[in-house]
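The next block holds one structure in the form of structure tokens; read it before the comments.
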Amino acid sequence: MNELHGAGVALVTPFNSDESVDFEALGQLIDLQINEGMDYLVSLGTTGEVATLTNDERKRIWDFTVKRVNGRLPLVAGIGGNNTAEIVEQVKNFDPTGFCAILSVSPYYNKPTQEGIYQHYKAIAEVSPLPIILYNVPGRTGSNITAQTTLRLAHDFANIVAVKEASGSFAQFSEILRDKPTDFILISGDDPVTLPMMSLGAAGIISVIGNAFPKRVATLAKLCADGNYHNARTIHNELLDITDLCFIEGNPAGVKYILKELGIGTDIVRLPLVSVSEKVRLAIQEELKKLK
């Protein structure tokens with residue numbers, strides 16, 4: 001799965017003023033990522049507000065994204081949830097044309113045991129038409145996929161090929177990297193720790209801030225992959241403050257406002273999310289002046 005090395009971006013879903021999907025802005029965003037060197041795209045991850053999209057909207061976004069990308073970059077589809085039977089049906093019925101993998105978040109809210117998490121992914125792996133990327137983000141799901149469970153899944157299922165790790169635990173990252181199958185991939189799921197994770201052996205990042213700064217994020221990942229951590233640190237430090245502002249009042253509210261300031265789409269998000277406060281808007285505007 002060389003397609004999953006380097007910098008990927010979790011695309012936002014731009015909305016019009018009536019909260020319908022803004023496909024013109026989505027097309028602009030996709031072209032920006034391709035033109036500025038992003039390695040692959042993730043369509044309808046958490047950053048894409050998938051939880052508040054209808055089934056019809058999801059299909060339309062996937063169809064549009066495949067057509068717009070037109071084979072220029074690898075594509076990953078986000079399909080995950082906390083009802084295993086429903087996700088299994090979605091995966092079985094998914095048209096894989098144009099996609100290289102499925103990113104599936106660990107079940108949220110239910111707080112399953114490690115055996116429950118294992119069985120959830122086992123059920124998906126047994127029907128998936130594409131390789132699977134596990135997604136561990138305890139801050140959102142309420143439960144952690146332990147290193148032991150990730151490794152068990154990686155060794156038991158050849159089509160579970162990677163994990164997007166956002167647990168924040170370097171002990172966990174290190175254990176996965178030490179004991180994983182040779183071709184299993186660890187991907188950073190948290191922008192600020194991409195550099196240290198790649199220094200340990202992670203293959204890259206699935207980024208949020210990359211929506212707005214694809215060239216910087218792609219360059220950071222390439223420098224890390226080449227072992228050039230000195231120059232990578234410069235980009236890492238440049239992005240620290242804007243990344244903090246991106247998340248301080250929730251994702252993707254922050255990055256959508258940044259994109260609006262850069263001329264792509266609106267900052268509209270769907271409830272229960274709300275747009276960032278005036279205080280954060282002003283702080284973002286000041287930070288953007290430093291980055292241009």
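We label chains A, B, ... in the order they appear in the structure tokens, count residues from 1 in each chain, and number ligands from 1 in the order shown.
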Problem set entry | DSSP helix (DSSP H, G or I) residues within segment 89-148 of chain A, as a PyMOL selection string | chain A and resi 89-93+114-125+138-141+147-148
Save the residues we just selected, N, CA, C and O atoms, as a PDB file, in the first residue's frame?
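Just written: again-v4.pdb:
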ATOM      1  N   GLU A  89     -23.030  -3.700   6.131  1.00  0.00           N
ATOM      2  CA  GLU A  89     -23.876  -3.549   4.944  1.00  0.00           C
ATOM      3  C   GLU A  89     -23.387  -2.408   4.062  1.00  0.00           C
ATOM      4  O   GLU A  89     -23.374  -2.529   2.829  1.00  0.00           O
ATOM      5  N   GLN A  90     -22.986  -1.293   4.678  1.00  0.00           N
ATOM      6  CA  GLN A  90     -22.470  -0.166   3.890  1.00  0.00           C
ATOM      7  C   GLN A  90     -21.214  -0.566   3.131  1.00  0.00           C
ATOM      8  O   GLN A  90     -21.045  -0.226   1.950  1.00  0.00           O
ATOM      9  N   VAL A  91     -20.329  -1.299   3.784  1.00  0.00           N
ATOM     10  CA  VAL A  91     -19.087  -1.727   3.142  1.00  0.00           C
ATOM     11  C   VAL A  91     -19.380  -2.714   2.019  1.00  0.00           C
ATOM     12  O   VAL A  91     -18.805  -2.633   0.919  1.00  0.00           O
ATOM     13  N   LYS A  92     -20.287  -3.673   2.267  1.00  0.00           N
ATOM     14  CA  LYS A  92     -20.654  -4.651   1.242  1.00  0.00           C
ATOM     15  C   LYS A  92     -21.233  -3.982   0.001  1.00  0.00           C
ATOM     16  O   LYS A  92     -20.993  -4.412  -1.127  1.00  0.00           O
ATOM     17  N   ASN A  93     -22.011  -2.910   0.197  1.00  0.00           N
ATOM     18  CA  ASN A  93     -22.698  -2.257  -0.905  1.00  0.00           C
ATOM     19  C   ASN A  93     -21.904  -1.098  -1.514  1.00  0.00           C
ATOM     20  O   ASN A  93     -22.372  -0.451  -2.449  1.00  0.00           O
ATOM     21  N   GLN A 114     -12.018  -4.650  24.198  1.00  0.00           N
ATOM     22  CA  GLN A 114     -11.064  -4.920  23.116  1.00  0.00           C
ATOM     23  C   GLN A 114     -11.543  -6.076  22.238  1.00  0.00           C
ATOM     24  O   GLN A 114     -11.365  -6.048  21.016  1.00  0.00           O
ATOM     25  N   GLU A 115     -12.187  -7.060  22.837  1.00  0.00           N
ATOM     26  CA  GLU A 115     -12.725  -8.162  22.038  1.00  0.00           C
ATOM     27  C   GLU A 115     -13.843  -7.664  21.134  1.00  0.00           C
ATOM     28  O   GLU A 115     -13.966  -8.099  19.971  1.00  0.00           O
ATOM     29  N   GLY A 116     -14.665  -6.747  21.645  1.00  0.00           N
ATOM     30  CA  GLY A 116     -15.725  -6.174  20.822  1.00  0.00           C
ATOM     31  C   GLY A 116     -15.163  -5.391  19.647  1.00  0.00           C
ATOM     32  O   GLY A 116     -15.679  -5.479  18.520  1.00  0.00           O
ATOM     33  N   ILE A 117     -14.094  -4.624  19.892  1.00  0.00           N
ATOM     34  CA  ILE A 117     -13.439  -3.885  18.807  1.00  0.00           C
ATOM     35  C   ILE A 117     -12.869  -4.853  17.769  1.00  0.00           C
ATOM     36  O   ILE A 117     -13.025  -4.652  16.558  1.00  0.00           O
ATOM     37  N   TYR A 118     -12.222  -5.895  18.255  1.00  0.00           N
ATOM     38  CA  TYR A 118     -11.664  -6.905  17.349  1.00  0.00           C
ATOM     39  C   TYR A 118     -12.763  -7.525  16.478  1.00  0.00           C
ATOM     40  O   TYR A 118     -12.623  -7.629  15.251  1.00  0.00           O
ATOM     41  N   GLN A 119     -13.859  -7.933  17.089  1.00  0.00           N
ATOM     42  CA  GLN A 119     -14.942  -8.575  16.349  1.00  0.00           C
ATOM     43  C   GLN A 119     -15.599  -7.611  15.358  1.00  0.00           C
ATOM     44  O   GLN A 119     -16.042  -8.025  14.267  1.00  0.00           O
ATOM     45  N   HIS A 120     -15.688  -6.341  15.730  1.00  0.00           N
ATOM     46  CA  HIS A 120     -16.234  -5.315  14.834  1.00  0.00           C
ATOM     47  C   HIS A 120     -15.402  -5.256  13.554  1.00  0.00           C
ATOM     48  O   HIS A 120     -15.945  -5.325  12.426  1.00  0.00           O
ATOM     49  N   TYR A 121     -14.086  -5.124  13.697  1.00  0.00           N
ATOM     50  CA  TYR A 121     -13.226  -5.034  12.520  1.00  0.00           C
ATOM     51  C   TYR A 121     -13.137  -6.356  11.771  1.00  0.00           C
ATOM     52  O   TYR A 121     -12.999  -6.370  10.542  1.00  0.00           O
ATOM     53  N   LYS A 122     -13.231  -7.467  12.478  1.00  0.00           N
ATOM     54  CA  LYS A 122     -13.250  -8.776  11.826  1.00  0.00           C
ATOM     55  C   LYS A 122     -14.433  -8.871  10.867  1.00  0.00           C
ATOM     56  O   LYS A 122     -14.296  -9.320   9.723  1.00  0.00           O
ATOM     57  N   ALA A 123     -15.604  -8.418  11.343  1.00  0.00           N
ATOM     58  CA  ALA A 123     -16.812  -8.463  10.510  1.00  0.00           C
ATOM     59  C   ALA A 123     -16.651  -7.599   9.263  1.00  0.00           C
ATOM     60  O   ALA A 123     -17.091  -7.973   8.166  1.00  0.00           O
ATOM     61  N   ILE A 124     -16.007  -6.444   9.405  1.00  0.00           N
ATOM     62  CA  ILE A 124     -15.783  -5.564   8.257  1.00  0.00           C
ATOM     63  C   ILE A 124     -14.772  -6.184   7.304  1.00  0.00           C
ATOM     64  O   ILE A 124     -14.964  -6.193   6.078  1.00  0.00           O
ATOM     65  N   ALA A 125     -13.682  -6.713   7.861  1.00  0.00           N
ATOM     66  CA  ALA A 125     -12.621  -7.288   7.026  1.00  0.00           C
ATOM     67  C   ALA A 125     -13.127  -8.447   6.182  1.00  0.00           C
ATOM     68  O   ALA A 125     -12.662  -8.655   5.049  1.00  0.00           O
ATOM     69  N   PRO A 138      -9.283   7.951  20.441  1.00  0.00           N
ATOM     70  CA  PRO A 138     -10.004   7.817  21.713  1.00  0.00           C
ATOM     71  C   PRO A 138     -10.690   9.101  22.191  1.00  0.00           C
ATOM     72  O   PRO A 138     -11.722   9.030  22.860  1.00  0.00           O
ATOM     73  N   GLY A 139     -10.125  10.260  21.851  1.00  0.00           N
ATOM     74  CA  GLY A 139     -10.730  11.518  22.268  1.00  0.00           C
ATOM     75  C   GLY A 139     -12.119  11.732  21.691  1.00  0.00           C
ATOM     76  O   GLY A 139     -12.932  12.461  22.254  1.00  0.00           O
ATOM     77  N   ARG A 140     -12.415  11.072  20.575  1.00  0.00           N
ATOM     78  CA  ARG A 140     -13.743  11.163  19.968  1.00  0.00           C
ATOM     79  C   ARG A 140     -14.599   9.940  20.266  1.00  0.00           C
ATOM     80  O   ARG A 140     -15.805  10.045  20.436  1.00  0.00           O
ATOM     81  N   THR A 141     -13.977   8.755  20.289  1.00  0.00           N
ATOM     82  CA  THR A 141     -14.767   7.531  20.389  1.00  0.00           C
ATOM     83  C   THR A 141     -15.073   7.114  21.819  1.00  0.00           C
ATOM     84  O   THR A 141     -16.006   6.363  22.062  1.00  0.00           O
ATOM     85  N   ALA A 147      -2.567  -1.287  21.525  1.00  0.00           N
ATOM     86  CA  ALA A 147      -1.555  -1.805  20.595  1.00  0.00           C
ATOM     87  C   ALA A 147      -1.753  -3.293  20.363  1.00  0.00           C
ATOM     88  O   ALA A 147      -1.629  -3.784  19.229  1.00  0.00           O
ATOM     89  N   GLN A 148      -2.112  -4.006  21.420  1.00  0.00           N
ATOM     90  CA  GLN A 148      -2.298  -5.457  21.296  1.00  0.00           C
ATOM     91  C   GLN A 148      -3.437  -5.798  20.329  1.00  0.00           C
ATOM     92  O   GLN A 148      -3.328  -6.732  19.524  1.00  0.00           O
TER      93      GLN A 148
END
Problem set entry | Contacts of Phe184 of chain A at 7 Å (only C-alpha atoms; same-chain gap of 3+ positions) as an MDAnalysis selection string | chainID A and resid 154 161:162 180:181
Expected file contents, prior selection, N, CA and C atoms, as an mmCIF file, in the first residue's frame:
data_model
loop_
_atom_site.group_PDB
_atom_site.id
_atom_site.type_symbol
_atom_site.label_atom_id
_atom_site.label_comp_id
_atom_site.auth_asym_id
_atom_site.auth_seq_id
_atom_site.Cartn_x
_atom_site.Cartn_y
_atom_site.Cartn_z
ATOM 1 N N ALA A 154 -3.864 -6.769 12.690
ATOM 2 C CA ALA A 154 -2.885 -6.678 11.603
ATOM 3 C C ALA A 154 -2.336 -8.048 11.226
ATOM 4 N N VAL A 161 -4.546 -3.141 6.585
ATOM 5 C CA VAL A 161 -3.203 -2.799 6.107
ATOM 6 C C VAL A 161 -2.554 -1.642 6.852
ATOM 7 N N ALA A 162 -3.338 -0.916 7.664
ATOM 8 C CA ALA A 162 -2.780 0.275 8.296
ATOM 9 C C ALA A 162 -3.645 0.684 9.481
ATOM 10 N N LYS A 180 4.608 -5.005 14.487
ATOM 11 C CA LYS A 180 3.673 -5.120 13.368
ATOM 12 C C LYS A 180 4.235 -6.010 12.256
ATOM 13 N N PRO A 181 3.346 -6.531 11.391
ATOM 14 C CA PRO A 181 3.832 -7.181 10.169
ATOM 15 C C PRO A 181 4.639 -6.178 9.341
#
Check which residues of segment 114-226 of chain A sit at most 10 Å from segment 237-256 of chain A using only C-alpha atoms, and return one row each with the closest pair of atoms and their distance in Å to one decimal, ordered by chain and rising number, as CSV.
residue,atom,partner,partner_atom,distance
A:Asp190,CA,A:Thr243,CA,10.0
A:Asp191,CA,A:Thr243,CA,7.4
A:Pro192,CA,A:Leu240,CA,6.6
A:Val193,CA,A:Leu240,CA,10.0
A:Val208,CA,A:Val255,CA,7.3
A:Ile209,CA,A:Thr243,CA,6.3
A:Gly210,CA,A:Val255,CA,9.1
A:Asn211,CA,A:Val255,CA,7.4
A:Ala212,CA,A:Val255,CA,7.0
A:Phe213,CA,A:Leu239,CA,9.0
A:Arg216,CA,A:Leu239,CA,8.5
A:Val217,CA,A:Leu239,CA,8.8
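Minimum distance to Ala10 of chain A across A:Leu282, A:Val127, A:Ile132, A:Val50 (counting only C-alpha atoms) occurs at A:Val50.
Using only C-alpha atoms, the contacts of Ala101 of chain A at a cut-off of 6 Å, with sequence neighbours closer than 6 positions omitted, comprise A:Val76, A:Leu130, A:Pro131, A:Ile132.
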For this session: Run DSSP on the backbone and give me the residues of segment 167-236 of chain A it puts in strand (DSSP E or B), as a PyMOL selection string.
Result: chain A and resi 185-188+204-207
Seminar exercise, completed: What separates atom CA of Leu29 of chain A and atom CA of Val269 of chain A is a distance of 16.3 Å
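Distances from A:Tyr108, A:Phe15, A:Phe23, A:Phe64 to Ile268 of chain A were compared using only C-alpha atoms, and the smallest one belongs to A:Phe15.
Take the candidates A:His155, A:Arg281, A:Arg178, A:Arg68 and check each one against Leu200 of chain A using only C-alpha atoms; the shortest distance goes to A:Arg178.
Closest approach to Gly27 of chain A among A:Ala232, A:Ala171, A:Leu151, A:Ile264: A:Ile264, based on only C-alpha atoms.
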Seminar exercise, completed: A straight line from atom CA of Leu26 of chain A to atom CA of Arg58 of chain A spans 13.1 Å
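Going from atom CA of Ala218 of chain A over to atom CA of Thr150 of chain A, you cover 26.5 Å.
Each of A:Phe173, A:Phe99, A:Tyr109, A:Phe157 was checked against Thr65 of chain A using only C-alpha atoms; the smallest atom-to-atom distance is that of A:Phe99.
Among the candidates A:Ile30, A:Ser169, A:Asp179, A:Lys222, the one nearest to Met197 of chain A when counting only C-alpha atoms is A:Ser169.
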Problem set entry | Residues within 9 Å of Gly80 of chain A, only C-alpha atoms, excluding chain neighbours under 2 positions, as an MDAnalysis selection string | chainID A and resid 45 78 82:84 87 90:91 102:107
Problem set entry | Residue neighbourhood Thr52 of chain A, 10 Å, only C-alpha atoms, exclusion window fewer than 5 positions, as a PyMOL selection string | chain A and resi 57-58+269-273
Let me see the file: selected residues, all heavy atoms, as a PDB file, in the first residue's frame.
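Saved result, part-v3.pdb, follows:
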ATOM      1  N   GLU A  57     -26.259  12.190   0.130  1.00  0.00           N
ATOM      2  CA  GLU A  57     -25.176  13.168   0.052  1.00  0.00           C
ATOM      3  C   GLU A  57     -23.819  12.473   0.020  1.00  0.00           C
ATOM      4  O   GLU A  57     -22.925  12.872  -0.733  1.00  0.00           O
ATOM      5  CB  GLU A  57     -25.247  14.130   1.235  1.00  0.00           C
ATOM      6  CG  GLU A  57     -26.374  15.143   1.122  1.00  0.00           C
ATOM      7  CD  GLU A  57     -26.554  15.967   2.381  1.00  0.00           C
ATOM      8  OE1 GLU A  57     -26.297  15.438   3.493  1.00  0.00           O
ATOM      9  OE2 GLU A  57     -26.947  17.137   2.263  1.00  0.00           O
ATOM     10  N   ARG A  58     -23.667  11.444   0.832  1.00  0.00           N
ATOM     11  CA  ARG A  58     -22.385  10.721   0.849  1.00  0.00           C
ATOM     12  C   ARG A  58     -22.077  10.138  -0.525  1.00  0.00           C
ATOM     13  O   ARG A  58     -20.949  10.249  -1.027  1.00  0.00           O
ATOM     14  CB  ARG A  58     -22.424   9.606   1.890  1.00  0.00           C
ATOM     15  CG  ARG A  58     -22.489  10.095   3.320  1.00  0.00           C
ATOM     16  CD  ARG A  58     -22.671   8.920   4.280  1.00  0.00           C
ATOM     17  NE  ARG A  58     -23.189   9.379   5.555  1.00  0.00           N
ATOM     18  CZ  ARG A  58     -23.588   8.590   6.539  1.00  0.00           C
ATOM     19  NH1 ARG A  58     -23.531   7.274   6.399  1.00  0.00           N
ATOM     20  NH2 ARG A  58     -24.039   9.093   7.670  1.00  0.00           N
ATOM     21  N   VAL A 269     -20.796  25.082   9.172  1.00  0.00           N
ATOM     22  CA  VAL A 269     -20.796  23.685   9.618  1.00  0.00           C
ATOM     23  C   VAL A 269     -22.221  23.338  10.037  1.00  0.00           C
ATOM     24  O   VAL A 269     -23.028  24.222  10.317  1.00  0.00           O
ATOM     25  CB  VAL A 269     -19.817  23.456  10.800  1.00  0.00           C
ATOM     26  CG1 VAL A 269     -18.376  23.548  10.337  1.00  0.00           C
ATOM     27  CG2 VAL A 269     -20.078  24.451  11.937  1.00  0.00           C
ATOM     28  N   ARG A 270     -22.523  22.062  10.076  1.00  0.00           N
ATOM     29  CA  ARG A 270     -23.857  21.622  10.464  1.00  0.00           C
ATOM     30  C   ARG A 270     -23.920  21.331  11.961  1.00  0.00           C
ATOM     31  O   ARG A 270     -22.976  20.778  12.531  1.00  0.00           O
ATOM     32  CB  ARG A 270     -24.264  20.372   9.682  1.00  0.00           C
ATOM     33  CG  ARG A 270     -24.603  20.651   8.227  1.00  0.00           C
ATOM     34  CD  ARG A 270     -25.049  19.392   7.506  1.00  0.00           C
ATOM     35  NE  ARG A 270     -25.429  19.676   6.115  1.00  0.00           N
ATOM     36  CZ  ARG A 270     -25.781  18.750   5.240  1.00  0.00           C
ATOM     37  NH1 ARG A 270     -25.798  17.468   5.598  1.00  0.00           N
ATOM     38  NH2 ARG A 270     -26.118  19.083   4.010  1.00  0.00           N
ATOM     39  N   LEU A 271     -25.048  21.704  12.564  1.00  0.00           N
ATOM     40  CA  LEU A 271     -25.269  21.395  13.973  1.00  0.00           C
ATOM     41  C   LEU A 271     -25.168  19.896  14.213  1.00  0.00           C
ATOM     42  O   LEU A 271     -25.521  19.102  13.348  1.00  0.00           O
ATOM     43  CB  LEU A 271     -26.652  21.897  14.409  1.00  0.00           C
ATOM     44  CG  LEU A 271     -26.808  23.403  14.549  1.00  0.00           C
ATOM     45  CD1 LEU A 271     -28.276  23.771  14.730  1.00  0.00           C
ATOM     46  CD2 LEU A 271     -25.983  23.931  15.721  1.00  0.00           C
ATOM     47  N   PRO A 272     -24.599  19.492  15.370  1.00  0.00           N
ATOM     48  CA  PRO A 272     -24.357  20.295  16.563  1.00  0.00           C
ATOM     49  C   PRO A 272     -23.073  21.111  16.560  1.00  0.00           C
ATOM     50  O   PRO A 272     -22.759  21.751  17.567  1.00  0.00           O
ATOM     51  CB  PRO A 272     -24.319  19.246  17.678  1.00  0.00           C
ATOM     52  CG  PRO A 272     -23.757  18.035  17.017  1.00  0.00           C
ATOM     53  CD  PRO A 272     -24.343  18.046  15.638  1.00  0.00           C
ATOM     54  N   LEU A 273     -22.311  21.114  15.462  1.00  0.00           N
ATOM     55  CA  LEU A 273     -21.146  21.986  15.394  1.00  0.00           C
ATOM     56  C   LEU A 273     -21.583  23.404  15.069  1.00  0.00           C
ATOM     57  O   LEU A 273     -22.621  23.616  14.428  1.00  0.00           O
ATOM     58  CB  LEU A 273     -20.174  21.484  14.317  1.00  0.00           C
ATOM     59  CG  LEU A 273     -19.623  20.079  14.496  1.00  0.00           C
ATOM     60  CD1 LEU A 273     -18.672  19.740  13.354  1.00  0.00           C
ATOM     61  CD2 LEU A 273     -18.931  19.921  15.841  1.00  0.00           C
TER      62      LEU A 273
END
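Counting only C-alpha atoms, Ala221 of chain A has the following residues at most 8 Å away, ignoring those fewer than 5 positions along the same chain: A:Gly6, A:Ala7, A:Thr194, A:Leu195, A:Met198, A:Gly204, A:Ile205, A:Ala232.
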Residues of the last selection are to be written out with C-alpha atoms, as a PDB file, in the first residue's frame.
ATOM      1  CA  GLY A   6       3.396  10.451   2.738  1.00  0.00           C
ATOM      2  CA  ALA A   7       0.761  13.131   3.240  1.00  0.00           C
ATOM      3  CA  THR A 194       3.613  14.020  12.541  1.00  0.00           C
ATOM      4  CA  LEU A 195       7.325  14.778  12.756  1.00  0.00           C
ATOM      5  CA  MET A 198       7.612   9.710  11.415  1.00  0.00           C
ATOM      6  CA  GLY A 204       3.018   9.762   7.100  1.00  0.00           C
ATOM      7  CA  ILE A 205      -0.035  11.763   8.130  1.00  0.00           C
ATOM      8  CA  ALA A 232      11.123  19.453   8.617  1.00  0.00           C
TER       9      ALA A 232
END
